[in-house]
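Asker: Dumping the structure here so I can ask a few things about it.
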Amino acid sequence: MKISILGSLAAALWAAGTGIVWGSPVQAETTVPVGTPVGTVLSTDIRADINGETIPSLNIDGYTAVIAEDLRRYGFDVAWIPKERRVDITYTPGKAINPLPGPPLEPSSVGEKLGDVVSTDIRVYYAGQPLPSYNIGGHTAISLNDLSSFGQIEWKEQERKLSYSPSRNVSDPSLKDSPPLVLRQTKLTELGPFKITGPDVLLDGAAFGLVAGDDPMLPVRQLAEKLGYKAEWQQDGSLVMDDGTNRFHIVPGLSAPELTWLGGEAESFDWYRTPVARSGDLYIHEQDARSLFGCSTELPDSTNGRTSFSLRCPEYKVEDHGVPQAFPGLRYGLQAAAYLDDSKLFIPALQ
């Protein structure tokens with residue numbers, strides 16, 4: 001869920017009108033292929049408000065809907081968890097309210113088609129309960145009527161106004177001052193010991209890597225899959241690995257991998273040793289594997305000419321609670337709260 005400095009609803013309407021789709025995110029349980037048109041987005045003269053403050057709205061198949069991200073400006077915490085393809089919405093009493101401008105709509109434009117609703121694999125939860133959702137222009141929208149279980153919905157026909165007052169019984173005021181980014185370590189995978197014997201690197205007694213010169217080289221695709229990444233070869237011979245938060249693109253001939261973190265370009269590193277292509281696979285140095293996946297290495301143990309080492313690789317969940325697209329300065333622009341179990345471990349792209 002990317003935040004636009006112009007407002008996510010305006011951006012979504014622009015994308016819907018031009019046919020541009022930014023993301024894969026009407027229901028998360030649909031069997032229709034992701035991105036398939038399943039509904040229509042129309043302009044509306046209905047005024048929607050939350051706690052008395054007007055919020056931009058639109059008509060999705062006859063229902064008044066709002067963009068989930070916009071709720072951050074109306075006293076809600078909205079967390080996007082890319083690894084789980086999930087949006088968590090929580091009412092947070094005490095959070096500052098900064099409503100979005102609601103430009104007047106020309107009467108002649110009411111009911112105008114703005115774009116399509118497309119099927120999504122993203123799941124939305126309000127106070128931990130599943131909620132129907134819609135994808136318009138890559139943004140996630142929800143119907144105000146679907147919030148009736150979590151507060152009061154009121155329709156005023158003469159004013160053409162639909163109001164929602166969230167219940168404090170399903171709220172979490174502790175989130176009102178949460179940082180825009182939260183990282184939670186969820187798992188620690190230990191791989192090894194890797195044993196270097198002659199030309200091979202063994203794992204569990206079977207050949208897993210190779211020795212080039214005196215350097216242990218590990219198959220990056222197999223290593224990525226053991227750590228929960230999806231790996232896919234591209235037509236140009238490059239390799240892409242993605243776990244929903246981190247995305248690595250290894251292009252033959254480049255001195256560094258291309259790294260993406262949380263949808264944005266991340267600072268990379270130069271290879272300690274150039275990757276080796278052999279037998280249809282790509283091998284990288286053990287030190288490069290550490291840098292790529294954020295692992296730590298147990299000190300080698302040499303016995304009778306054999307060397308062994310182990311990798312300790314963390315898995316973590318990233319929650320985007322409203323990371324801005326632009327920062328006022330190069331320093332102190334982003335504050336993150338990290339919940340990590342082992343201070344020895346570091347996180348790729350966040351050193």
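Letters A, B, ... go to the chains of the structure tokens in the order shown; residues in each chain start at 1; ligands are counted from 1 in the same order.
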Segment 177-223 of chain A: which residues are strand (DSSP E or B) by DSSP, as a ChimeraX atom specification?

Answerer: /A:181-197,200-203,206-212,215-219

Asker: Report as a list in words all protein, DNA and RNA residues lying within 9 Å of segment 233-242 of chain A, evaluated on only C-alpha atoms, omitting residues in the same chain fewer than 6 positions from it.

Answerer: Arg221, Ala224, Glu225, Phe248, His249, Ile250, Val251, Pro252 and Leu282 of chain A

Asker: From the list A:Leu227, A:Leu218, A:Leu181, A:Ala207, which residue is nearest Ile81 of chain A when using only C-alpha atoms?

Answerer: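 Under the stated criterion, the closest residue is A:Leu181.
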
Asker: So which residues touch segment 260-265 of chain A within 7 Å, counting only C-alpha atoms, skipping near sequence neighbours fewer than 3 positions away, as a list in words?

Answerer: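 Listed by chain and then number, they are Thr245, Asn246, Arg247, Phe248 and Ala349 of chain A.
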
Asker: Those residues you just picked out, can you put them in a file as an mmCIF file, in the first residue's frame with all heavy atoms?

Answerer:
```
data_model
loop_
_atom_site.group_PDB
_atom_site.id
_atom_site.type_symbol
_atom_site.label_atom_id
_atom_site.label_comp_id
_atom_site.auth_asym_id
_atom_site.auth_seq_id
_atom_site.Cartn_x
_atom_site.Cartn_y
_atom_site.Cartn_z
ATOM 1 N N THR A 245 8.871 -9.448 1.143
ATOM 2 C CA THR A 245 9.460 -8.228 1.700
ATOM 3 C C THR A 245 10.761 -7.899 0.983
ATOM 4 O O THR A 245 10.971 -6.783 0.527
ATOM 5 C CB THR A 245 9.736 -8.383 3.211
ATOM 6 O OG1 THR A 245 8.511 -8.685 3.886
ATOM 7 C CG2 THR A 245 10.316 -7.100 3.780
ATOM 8 N N ASN A 246 11.643 -8.880 0.892
ATOM 9 C CA ASN A 246 12.912 -8.720 0.183
ATOM 10 C C ASN A 246 12.801 -9.289 -1.229
ATOM 11 O O ASN A 246 12.192 -10.350 -1.429
ATOM 12 C CB ASN A 246 14.037 -9.469 0.909
ATOM 13 C CG ASN A 246 14.367 -8.847 2.240
ATOM 14 O OD1 ASN A 246 14.825 -7.713 2.318
ATOM 15 N ND2 ASN A 246 14.131 -9.590 3.307
ATOM 16 N N ARG A 247 13.413 -8.587 -2.170
ATOM 17 C CA ARG A 247 13.479 -9.087 -3.548
ATOM 18 C C ARG A 247 14.898 -8.885 -4.050
ATOM 19 O O ARG A 247 15.438 -7.781 -3.978
ATOM 20 C CB ARG A 247 12.493 -8.343 -4.452
ATOM 21 C CG ARG A 247 12.412 -8.889 -5.886
ATOM 22 C CD ARG A 247 11.347 -8.117 -6.672
ATOM 23 N NE ARG A 247 11.117 -8.695 -7.983
ATOM 24 C CZ ARG A 247 11.794 -8.366 -9.079
ATOM 25 N NH1 ARG A 247 12.758 -7.446 -9.018
ATOM 26 N NH2 ARG A 247 11.517 -8.928 -10.242
ATOM 27 N N PHE A 248 15.508 -9.967 -4.515
ATOM 28 C CA PHE A 248 16.883 -9.922 -5.007
ATOM 29 C C PHE A 248 16.894 -10.286 -6.482
ATOM 30 O O PHE A 248 16.255 -11.255 -6.896
ATOM 31 C CB PHE A 248 17.776 -10.917 -4.247
ATOM 32 C CG PHE A 248 17.668 -10.823 -2.757
ATOM 33 C CD1 PHE A 248 17.602 -11.975 -1.980
ATOM 34 C CD2 PHE A 248 17.621 -9.600 -2.116
ATOM 35 C CE1 PHE A 248 17.510 -11.906 -0.603
ATOM 36 C CE2 PHE A 248 17.516 -9.510 -0.741
ATOM 37 C CZ PHE A 248 17.463 -10.669 0.023
ATOM 38 N N ALA A 349 19.370 -4.430 4.024
ATOM 39 C CA ALA A 349 18.934 -3.100 3.574
ATOM 40 C C ALA A 349 18.636 -2.138 4.708
ATOM 41 O O ALA A 349 18.242 -1.020 4.484
ATOM 42 C CB ALA A 349 17.725 -3.214 2.666
#
```

Asker: If DSSP is run on the backbone, what residues of segment 193-277 of chain A are alpha helix (DSSP H)? A reply as a list in words would be ideal.

Answerer: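 Result set for segment 193-277 of chain A (alpha helix (DSSP H)): Val220, Arg221, Gln222, Leu223, Ala224, Glu225 and Lys226 of chain A.
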